>>> print(open('my_file-v9.pdb').read())   # PDB, C-alpha atoms and all ligand atoms
ATOM      1  CA  MET A   1     -39.133  57.289 -75.468
ATOM      2  CA  SER A   2     -37.541  60.728 -75.780
ATOM      3  CA  ILE A   3     -33.822  61.299 -75.341
ATOM      4  CA  ARG A   4     -34.558  63.175 -72.176
ATOM      5  CA  ASN A   5     -36.343  60.190 -70.637
ATOM      6  CA  THR A   6     -33.572  57.764 -71.631
ATOM      7  CA  GLN A   7     -31.021  59.906 -69.856
ATOM      8  CA  GLY A   8     -33.211  59.951 -66.793
ATOM      9  CA  LEU A   9     -33.474  56.163 -66.822
ATOM     10  CA  THR A  10     -29.711  55.804 -67.155
ATOM     11  CA  ALA A  11     -29.165  58.091 -64.197
ATOM     12  CA  LEU A  12     -31.640  56.066 -62.170
ATOM     13  CA  LEU A  13     -29.866  52.794 -63.004
ATOM     14  CA  LEU A  14     -26.502  54.260 -62.062
ATOM     15  CA  CYS A  15     -27.946  55.153 -58.686
ATOM     16  CA  LEU A  16     -29.434  51.683 -58.169
ATOM     17  CA  VAL A  17     -26.343  49.632 -58.956
ATOM     18  CA  PRO A  18     -24.227  50.741 -55.966
ATOM     19  CA  TYR A  19     -27.265  50.398 -53.702
ATOM     20  CA  ALA A  20     -27.898  46.825 -54.844
ATOM     21  CA  ALA A  21     -24.243  45.957 -54.253
ATOM     22  CA  SER A  22     -24.335  47.344 -50.721
ATOM     23  CA  ILE A  23     -27.269  45.176 -49.601
ATOM     24  CA  ALA A  24     -25.916  41.918 -51.055
ATOM     25  CA  GLN A  25     -24.924  39.630 -48.151
ATOM     26  CA  GLY A  26     -21.604  38.003 -48.887
ATOM     27  CA  PRO A  27     -19.318  36.227 -46.448
ATOM     28  CA  TYR A  28     -17.522  38.576 -44.057
ATOM     29  CA  TYR A  29     -14.554  36.227 -43.651
ATOM     30  CA  ASP A  30     -12.718  34.353 -46.378
ATOM     31  CA  GLU A  31     -11.207  31.899 -43.926
ATOM     32  CA  ALA A  32     -12.602  29.443 -41.391
ATOM     33  CA  PRO A  33     -11.535  29.046 -37.768
ATOM     34  CA  GLY A  34      -9.427  26.050 -36.803
ATOM     35  CA  LYS A  35     -10.991  22.661 -36.248
ATOM     36  CA  PRO A  36     -12.510  22.573 -32.729
ATOM     37  CA  VAL A  37     -10.979  20.305 -30.124
ATOM     38  CA  CYS A  38     -13.506  19.065 -27.585
ATOM     39  CA  SER A  39     -13.063  17.311 -24.264
ATOM     40  CA  GLY A  40     -15.681  14.707 -23.462
ATOM     41  CA  GLY A  41     -16.997  15.904 -20.130
ATOM     42  CA  ASP A  42     -20.091  17.558 -18.776
ATOM     43  CA  PRO A  43     -20.246  20.300 -19.802
ATOM     44  CA  LEU A  44     -18.678  19.465 -23.115
ATOM     45  CA  THR A  45     -15.871  21.992 -23.603
ATOM     46  CA  CYS A  46     -14.591  22.912 -27.060
ATOM     47  CA  VAL A  47     -11.775  25.269 -28.047
ATOM     48  CA  TRP A  48     -10.492  26.395 -31.433
ATOM     49  CA  THR A  49      -8.156  28.931 -33.000
ATOM     50  CA  ALA A  50      -9.232  32.040 -34.894
ATOM     51  CA  ASP A  51      -6.013  34.060 -35.095
ATOM     52  CA  ASN A  52      -6.274  33.929 -38.895
ATOM     53  CA  LEU A  53      -9.527  35.955 -38.893
ATOM     54  CA  THR A  54      -9.134  39.740 -39.203
ATOM     55  CA  PRO A  55     -10.672  41.661 -37.551
ATOM     56  CA  PRO A  56     -11.269  39.244 -34.664
ATOM     57  CA  PRO A  57     -14.809  37.783 -34.683
ATOM     58  CA  LYS A  58     -17.297  39.335 -32.267
ATOM     59  CA  LYS A  59     -18.768  35.887 -31.675
ATOM     60  CA  PHE A  60     -18.956  32.431 -33.218
ATOM     61  CA  ALA A  61     -21.759  30.316 -34.598
ATOM     62  CA  VAL A  62     -21.450  26.764 -33.271
ATOM     63  CA  GLU A  63     -23.120  23.738 -34.824
ATOM     64  CA  VAL A  64     -23.327  20.527 -32.829
ATOM     65  CA  VAL A  65     -24.407  17.202 -34.275
ATOM     66  CA  ALA A  66     -25.442  14.785 -31.548
ATOM     67  CA  PHE A  67     -25.832  11.064 -32.235
ATOM     68  CA  TYR A  68     -28.206   8.828 -30.292
ATOM     69  CA  ASP A  69     -28.722   5.100 -29.841
ATOM     70  CA  SER A  70     -32.497   4.936 -29.569
ATOM     71  CA  ASP A  71     -32.809   1.116 -29.545
ATOM     72  CA  GLY A  72     -29.907   0.302 -27.238
ATOM     73  CA  ASP A  73     -27.921  -1.817 -29.711
ATOM     74  CA  GLN A  74     -24.752   0.232 -29.088
ATOM     75  CA  SER A  75     -24.808   1.873 -32.511
ATOM     76  CA  ALA A  76     -26.074   5.325 -33.392
ATOM     77  CA  ASP A  77     -29.348   5.390 -35.304
ATOM     78  CA  LEU A  78     -30.498   8.971 -34.777
ATOM     79  CA  SER A  79     -28.877  12.381 -35.034
ATOM     80  CA  ARG A  80     -29.886  15.934 -34.373
ATOM     81  CA  LEU A  81     -28.323  19.303 -35.232
ATOM     82  CA  PHE A  82     -28.098  22.069 -32.612
ATOM     83  CA  LYS A  83     -27.224  25.651 -33.567
ATOM     84  CA  LEU A  84     -25.614  27.708 -30.837
ATOM     85  CA  THR A  85     -23.782  31.037 -30.604
ATOM     86  CA  THR A  86     -20.975  32.022 -28.267
ATOM     87  CA  VAL A  87     -21.649  35.013 -26.019
ATOM     88  CA  ASP A  88     -18.510  36.842 -27.161
ATOM     89  CA  GLY A  89     -15.406  36.530 -29.299
ATOM     90  CA  GLU A  90     -13.637  34.021 -27.036
ATOM     91  CA  PRO A  91     -12.961  30.919 -29.164
ATOM     92  CA  THR A  92     -14.450  28.436 -26.739
ATOM     93  CA  ILE A  93     -17.855  27.143 -25.644
ATOM     94  CA  GLN A  94     -19.204  24.975 -22.838
ATOM     95  CA  ILE A  95     -22.272  22.896 -23.642
ATOM     96  CA  PRO A  96     -24.214  21.124 -20.841
ATOM     97  CA  MET A  97     -24.817  17.562 -22.011
ATOM     98  CA  ALA A  98     -28.422  17.711 -20.779
ATOM     99  CA  SER A  99     -29.099  20.378 -23.435
ATOM    100  CA  LEU A 100     -28.166  17.842 -26.140
ATOM    101  CA  SER A 101     -30.766  15.245 -25.154
ATOM    102  CA  THR A 102     -33.580  14.582 -27.592
ATOM    103  CA  THR A 103     -37.125  13.379 -27.028
ATOM    104  CA  VAL A 104     -38.828  11.215 -29.628
ATOM    105  CA  CYS A 105     -42.414   9.975 -29.831
ATOM    106  CA  VAL A 106     -42.270   6.159 -29.884
ATOM    107  CA  THR A 107     -46.008   5.734 -30.471
ATOM    108  CA  ASN A 108     -45.864   8.003 -33.531
ATOM    109  CA  ASP A 109     -49.127   9.799 -32.772
ATOM    110  CA  ASP A 110     -50.172  13.401 -32.211
ATOM    111  CA  PRO A 111     -50.560  14.344 -29.433
ATOM    112  CA  CYS A 112     -47.909  11.850 -28.444
ATOM    113  CA  THR A 113     -48.967   9.046 -26.069
ATOM    114  CA  THR A 114     -45.478   7.787 -25.184
ATOM    115  CA  SER A 115     -42.196   9.582 -25.657
ATOM    116  CA  GLU A 116     -38.616   8.642 -24.795
ATOM    117  CA  THR A 117     -35.683  10.906 -24.064
ATOM    118  CA  HIS A 118     -32.245   9.863 -25.279
ATOM    119  CA  GLU A 119     -28.906  11.247 -24.137
ATOM    120  CA  ALA A 120     -26.316  12.041 -26.772
ATOM    121  CA  GLN A 121     -23.783   9.227 -27.225
ATOM    122  CA  ASP A 122     -21.322  11.039 -29.476
ATOM    123  CA  VAL A 123     -21.075  14.604 -30.701
ATOM    124  CA  GLN A 124     -19.252  16.553 -33.379
ATOM    125  CA  VAL A 125     -18.799  20.331 -33.454
ATOM    126  CA  ARG A 126     -17.909  22.935 -36.070
ATOM    127  CA  VAL A 127     -17.683  26.716 -35.828
ATOM    128  CA  LYS A 128     -17.580  29.869 -37.936
ATOM    129  CA  GLY A 129     -16.617  33.435 -37.093
ATOM    130  CA  LEU A 130     -19.295  36.150 -36.970
ATOM    131  CA  HIS A 131     -18.753  39.874 -37.242
ATOM    132  CA  PRO A 132     -22.265  41.371 -37.136
ATOM    133  CA  SER A 133     -22.636  45.082 -37.780
ATOM    134  CA  SER A 134     -24.551  47.300 -35.375
ATOM    135  CA  ARG A 135     -27.054  47.865 -38.184
ATOM    136  CA  THR A 136     -27.845  44.157 -38.621
ATOM    137  CA  PRO A 137     -26.793  42.528 -35.318
ATOM    138  CA  ASN A 138     -28.637  39.300 -36.082
ATOM    139  CA  GLY A 139     -28.073  39.159 -39.829
ATOM    140  CA  ALA A 140     -26.920  35.804 -41.162
ATOM    141  CA  GLN A 141     -23.344  35.711 -42.410
ATOM    142  CA  ASN A 142     -22.389  33.144 -44.975
ATOM    143  CA  ASN A 143     -18.904  32.684 -43.538
ATOM    144  CA  PRO A 144     -16.971  29.446 -43.980
ATOM    145  CA  PHE A 145     -17.269  26.788 -41.285
ATOM    146  CA  SER A 146     -14.298  25.017 -39.751
ATOM    147  CA  ASP A 147     -13.790  21.303 -40.238
ATOM    148  CA  TRP A 148     -15.920  19.096 -37.998
ATOM    149  CA  SER A 149     -14.213  18.152 -34.755
ATOM    150  CA  ASP A 150     -13.289  14.555 -34.121
ATOM    151  CA  LEU A 151     -16.145  12.457 -32.758
ATOM    152  CA  VAL A 152     -16.343  13.034 -29.008
ATOM    153  CA  ASP A 153     -17.627  10.371 -26.643
ATOM    154  CA  ALA A 154     -20.329  11.788 -24.415
ATOM    155  CA  PRO A 155     -20.436  10.761 -20.735
ATOM    156  CA  PRO A 156     -22.462   7.577 -20.223
ATOM    157  CA  PRO A 157     -26.113   8.012 -19.235
ATOM    158  CA  GLY A 158     -26.509   8.354 -15.496
ATOM    159  CA  SER A 159     -23.497  10.618 -15.076
ATOM    160  CA  LEU A 160     -25.311  13.496 -16.747
ATOM    161  CA  PHE A 161     -27.191  14.891 -13.797
ATOM    162  CA  SER A 162     -24.587  16.406 -11.553
ATOM    163  CA  ASP A 163     -25.600  19.000  -8.965
ATOM    164  CA  SER A 164     -24.596  21.872 -11.223
ATOM    165  CA  PHE A 165     -27.245  21.043 -13.781
ATOM    166  CA  GLU A 166     -30.264  20.454 -11.587
ATOM    167  CA  SER A 167     -33.288  22.455 -12.627
ATOM    168  CA  PRO A 168     -33.981  25.449 -10.401
TER     169      PRO A 168
HETATM  170 CA    CA A 201     -29.019   1.832 -32.255
END
>>> encode(input="my_file-v9.pdb", output="structure tokens")
Amino acid sequence: MSIRNTQGLTALLLCLVPYAASIAQGPYYDEAPGKPVCSGGDPLTCVWTADNLTPPPKKFAVEVVAFYDSDGDQSADLSRLFKLTTVDGEPTIQIPMASLSTTVCVTNDDPCTTSETHEAQDVQVRVKGLHPSSRTPNGAQNNPFSDWSDLVDAPPPGSLFSDSFESP
């Protein structure tokens, strides 16, 4: 390789290094929002603090773990993770309990012969701040999550279908 070519390669590498750094996706926030506090109603309502995040998040990612008692022995034996996003930067979310139900195939075949739907018995929630750029509005941000909320008792089955959540 001639000296001339080596210099060209060095110049190319110097150009590439800043570019590579700019596309690396690191966390936008160093800190997590406060632990959510949820009231056990329908809809489930959770609030948290985010005053420590600068600039204020544009929205929040919300993870909900719902626990189910599929065999009716009063203890949870099934769980499912739901990933939600708030509509804006307000540190609160309302989650209709019907949206946390899960349907399982009890005959274990495909297509399923018999399925059962279970309402969530208990839920836990955690959140993280999001500050998407206009260039990558849906890009994942590896920001830290809050602590999980305390376990929240869901309303007992039968109280879930109030008028406000009837299907259109
Ligand atoms: Ca059980």
>>> residues_near_ligand(input="my_file-v9.pdb", ligand="ligand CA 201 (chain A)", cutoff="8 Å", atoms="only C-alpha atoms and all ligand atoms", output="short mmCIF file (atom, residue, chain, number, x, y, z; two decimals) with C-alpha atoms, in the frame of the given file")
data_model
loop_
_atom_site.label_atom_id
_atom_site.label_comp_id
_atom_site.auth_asym_id
_atom_site.auth_seq_id
_atom_site.Cartn_x
_atom_site.Cartn_y
_atom_site.Cartn_z
CA TYR A 68 -28.21 8.83 -30.29
CA ASP A 69 -28.72 5.10 -29.84
CA SER A 70 -32.50 4.94 -29.57
CA ASP A 71 -32.81 1.12 -29.54
CA GLY A 72 -29.91 0.30 -27.24
CA ASP A 73 -27.92 -1.82 -29.71
CA GLN A 74 -24.75 0.23 -29.09
CA SER A 75 -24.81 1.87 -32.51
CA ALA A 76 -26.07 5.32 -33.39
CA ASP A 77 -29.35 5.39 -35.30
CA LEU A 78 -30.50 8.97 -34.78
#
>>> closest_residue(input="my_file-v9.pdb", among="A:Gly41, A:Gly89, A:Pro144, A:Pro56", to="A:Asp122", atoms="all atoms listed in the file")
A:Gly41
>>> closest_residue(input="my_file-v9.pdb", among="A:Val47, A:Leu53, A:Ala140, A:Cys105", to="A:Pro33", atoms="all atoms listed in the file")
A:Leu53
>>> closest_residue(input="my_file-v9.pdb", among="A:Gln121, A:Thr49, A:Ser134, A:Asn143", to="A:Pro91", atoms="all atoms listed in the file")
A:Thr49
>>> closest_residue(input="my_file-v9.pdb", among="A:Lys35, A:Phe145, A:Val152, A:Thr113", to="A:Gly129", atoms="all atoms listed in the file")
A:Phe145
>>> atom_distance(input="my_file-v9.pdb", atom1="atom CA of A:Val65", atom2="atom CA of A:Ser133")
28.2 Å
>>> closest_residue(input="my_file-v9.pdb", among="A:Gly34, A:Leu81, A:Ile95, A:Cys112", to="A:Phe67", atoms="only C-alpha atoms")
A:Leu81
>>> resolve_selection(input="my_file-v9.pdb", expression="the PyMOL selection byres (((chain A and resi 106) around 12) and not hetatm)", output="JSON, numbers by chain")
{"A": [70, 71, 103, 104, 105, 107, 108, 109, 110, 111, 112, 113, 114, 115, 116, 117, 118]}
>>> write_last_selection(input="my_file-v9.pdb", atoms="C-alpha atoms", output="PDB file, in the coordinates of the input")
ATOM      1  CA  SER A  70     -32.497   4.936 -29.569  1.00  0.00           C
ATOM      2  CA  ASP A  71     -32.809   1.116 -29.545  1.00  0.00           C
ATOM      3  CA  THR A 103     -37.125  13.379 -27.028  1.00  0.00           C
ATOM      4  CA  VAL A 104     -38.828  11.215 -29.628  1.00  0.00           C
ATOM      5  CA  CYS A 105     -42.414   9.975 -29.831  1.00  0.00           C
ATOM      6  CA  THR A 107     -46.008   5.734 -30.471  1.00  0.00           C
ATOM      7  CA  ASN A 108     -45.864   8.003 -33.531  1.00  0.00           C
ATOM      8  CA  ASP A 109     -49.127   9.799 -32.772  1.00  0.00           C
ATOM      9  CA  ASP A 110     -50.172  13.401 -32.211  1.00  0.00           C
ATOM     10  CA  PRO A 111     -50.560  14.344 -29.433  1.00  0.00           C
ATOM     11  CA  CYS A 112     -47.909  11.850 -28.444  1.00  0.00           C
ATOM     12  CA  THR A 113     -48.967   9.046 -26.069  1.00  0.00           C
ATOM     13  CA  THR A 114     -45.478   7.787 -25.184  1.00  0.00           C
ATOM     14  CA  SER A 115     -42.196   9.582 -25.657  1.00  0.00           C
ATOM     15  CA  GLU A 116     -38.616   8.642 -24.795  1.00  0.00           C
ATOM     16  CA  THR A 117     -35.683  10.906 -24.064  1.00  0.00           C
ATOM     17  CA  HIS A 118     -32.245   9.863 -25.279  1.00  0.00           C
TER      18      HIS A 118
END
>>> closest_residue(input="my_file-v9.pdb", among="A:Leu44, A:Ala154, A:Ala32, A:Leu84", to="A:Glu63", atoms="all atoms listed in the file")
A:Leu84
>>> resolve_selection(input="my_file-v9.pdb", expression="the PyMOL selection byres (((chain A and resi 86) around 6) and not hetatm)", output="JSON, numbers by chain")
{"A": [59, 60, 85, 87, 88]}
>>> write_last_selection(input="my_file-v9.pdb", atoms="C-alpha atoms", output="short mmCIF file (atom, residue, chain, number, x, y, z; two decimals), keeping the file's coordinate frame")
data_model
loop_
_atom_site.label_atom_id
_atom_site.label_comp_id
_atom_site.auth_asym_id
_atom_site.auth_seq_id
_atom_site.Cartn_x
_atom_site.Cartn_y
_atom_site.Cartn_z
CA LYS A 59 -18.77 35.89 -31.68
CA PHE A 60 -18.96 32.43 -33.22
CA THR A 85 -23.78 31.04 -30.60
CA VAL A 87 -21.65 35.01 -26.02
CA ASP A 88 -18.51 36.84 -27.16
#
>>> residues_around(input="my_file-v9.pdb", residues="A:Leu100", least_positions_apart="6", cutoff="8 Å", atoms="only C-alpha atoms", output="list of chain:residue names")
A:Ala66, A:Phe82, A:Glu119, A:Ala120
>>> decode(input="my_file-v9.pdb", residues="stretch 40-83 of chain A", atoms="N, CA and C atoms", output="compact mmCIF listing (two decimals), in the first residue's frame")
# COMPACT_ATOMS: atom_id res chain seq x y z
N GLY A 40 -56.85 0.16 42.51
CA GLY A 40 -57.49 -1.03 41.97
C GLY A 40 -58.93 -0.78 41.62
N GLY A 41 -59.19 -0.21 40.48
CA GLY A 41 -60.54 0.00 40.00
C GLY A 41 -60.61 -0.37 38.54
N ASP A 42 -61.72 -0.07 37.91
CA ASP A 42 -61.84 -0.33 36.48
C ASP A 42 -62.33 0.95 35.82
N PRO A 43 -61.51 1.67 35.07
CA PRO A 43 -60.16 1.26 34.68
C PRO A 43 -59.16 1.37 35.84
N LEU A 44 -58.13 0.54 35.72
CA LEU A 44 -56.99 0.66 36.62
C LEU A 44 -56.31 2.01 36.35
N THR A 45 -56.08 2.79 37.39
CA THR A 45 -55.46 4.09 37.21
C THR A 45 -54.13 4.13 37.94
N CYS A 46 -53.06 4.47 37.22
CA CYS A 46 -51.74 4.54 37.82
C CYS A 46 -51.16 5.94 37.62
N VAL A 47 -50.47 6.43 38.63
CA VAL A 47 -49.77 7.71 38.55
C VAL A 47 -48.35 7.53 39.05
N TRP A 48 -47.45 8.39 38.58
CA TRP A 48 -46.06 8.33 39.02
C TRP A 48 -45.45 9.72 38.89
N THR A 49 -44.26 9.88 39.41
CA THR A 49 -43.56 11.17 39.31
C THR A 49 -42.45 11.06 38.27
N ALA A 50 -42.17 12.19 37.61
CA ALA A 50 -41.09 12.20 36.62
C ALA A 50 -40.38 13.55 36.62
N ASP A 51 -40.50 14.27 37.74
CA ASP A 51 -39.90 15.60 37.82
C ASP A 51 -38.38 15.55 37.72
N ASN A 52 -37.81 14.37 37.98
CA ASN A 52 -36.35 14.23 37.94
C ASN A 52 -35.82 14.05 36.51
N LEU A 53 -36.72 13.91 35.53
CA LEU A 53 -36.28 13.68 34.14
C LEU A 53 -36.26 14.99 33.38
N THR A 54 -35.10 15.33 32.81
CA THR A 54 -34.93 16.58 32.06
C THR A 54 -34.34 16.28 30.69
N PRO A 55 -34.93 16.80 29.60
CA PRO A 55 -36.22 17.50 29.56
C PRO A 55 -37.38 16.55 29.86
N PRO A 56 -38.57 17.10 30.13
CA PRO A 56 -39.70 16.23 30.46
C PRO A 56 -39.96 15.22 29.34
N PRO A 57 -40.27 13.97 29.69
CA PRO A 57 -40.57 12.96 28.66
C PRO A 57 -41.76 13.38 27.79
N LYS A 58 -41.70 12.99 26.52
CA LYS A 58 -42.82 13.25 25.61
C LYS A 58 -43.94 12.23 25.83
N LYS A 59 -43.54 11.04 26.27
CA LYS A 59 -44.51 10.00 26.64
C LYS A 59 -43.80 8.98 27.49
N PHE A 60 -44.55 7.96 27.93
CA PHE A 60 -43.97 6.93 28.78
C PHE A 60 -44.30 5.55 28.21
N ALA A 61 -43.34 4.65 28.31
CA ALA A 61 -43.62 3.24 28.05
C ALA A 61 -44.10 2.63 29.36
N VAL A 62 -45.16 1.84 29.28
CA VAL A 62 -45.78 1.25 30.46
C VAL A 62 -45.81 -0.26 30.28
N GLU A 63 -45.24 -0.98 31.23
CA GLU A 63 -45.33 -2.45 31.19
C GLU A 63 -46.24 -2.90 32.33
N VAL A 64 -47.16 -3.79 31.98
CA VAL A 64 -48.11 -4.32 32.95
C VAL A 64 -47.96 -5.83 32.99
N VAL A 65 -47.71 -6.38 34.17
CA VAL A 65 -47.76 -7.83 34.32
C VAL A 65 -49.08 -8.17 34.99
N ALA A 66 -49.88 -8.99 34.33
CA ALA A 66 -51.15 -9.43 34.90
C ALA A 66 -51.03 -10.89 35.30
N PHE A 67 -51.57 -11.20 36.47
CA PHE A 67 -51.53 -12.57 37.00
C PHE A 67 -52.94 -13.15 36.98
N TYR A 68 -53.03 -14.43 36.63
CA TYR A 68 -54.32 -15.10 36.48
C TYR A 68 -54.35 -16.37 37.31
N ASP A 69 -55.58 -16.72 37.74
CA ASP A 69 -55.80 -17.99 38.42
C ASP A 69 -56.63 -18.85 37.47
N SER A 70 -55.94 -19.66 36.66
CA SER A 70 -56.65 -20.38 35.60
C SER A 70 -57.40 -21.60 36.11
N ASP A 71 -57.05 -22.14 37.29
CA ASP A 71 -57.72 -23.34 37.79
C ASP A 71 -58.60 -23.07 38.99
N GLY A 72 -58.76 -21.80 39.36
CA GLY A 72 -59.72 -21.45 40.40
C GLY A 72 -59.34 -21.85 41.81
N ASP A 73 -58.04 -22.08 42.06
CA ASP A 73 -57.64 -22.48 43.42
C ASP A 73 -57.19 -21.28 44.26
N GLN A 74 -57.51 -20.08 43.79
CA GLN A 74 -57.24 -18.84 44.52
C GLN A 74 -55.76 -18.46 44.56
N SER A 75 -54.94 -19.13 43.74
CA SER A 75 -53.55 -18.69 43.64
C SER A 75 -53.17 -18.53 42.18
N ALA A 76 -52.36 -17.52 41.91
CA ALA A 76 -51.98 -17.23 40.53
C ALA A 76 -51.11 -18.33 39.95
N ASP A 77 -51.39 -18.72 38.72
CA ASP A 77 -50.61 -19.78 38.08
C ASP A 77 -50.24 -19.41 36.66
N LEU A 78 -50.53 -18.16 36.26
CA LEU A 78 -50.33 -17.74 34.89
C LEU A 78 -50.06 -16.24 34.93
N SER A 79 -49.17 -15.78 34.07
CA SER A 79 -48.95 -14.33 33.99
C SER A 79 -48.74 -13.94 32.54
N ARG A 80 -48.97 -12.68 32.28
CA ARG A 80 -48.79 -12.18 30.91
C ARG A 80 -48.33 -10.73 30.98
N LEU A 81 -47.41 -10.37 30.07
CA LEU A 81 -46.86 -9.02 30.03
C LEU A 81 -47.52 -8.22 28.92
N PHE A 82 -48.00 -7.02 29.27
CA PHE A 82 -48.59 -6.10 28.29
C PHE A 82 -47.70 -4.88 28.19
N LYS A 83 -47.43 -4.43 26.96
CA LYS A 83 -46.61 -3.24 26.74
C LYS A 83 -47.48 -2.14 26.16
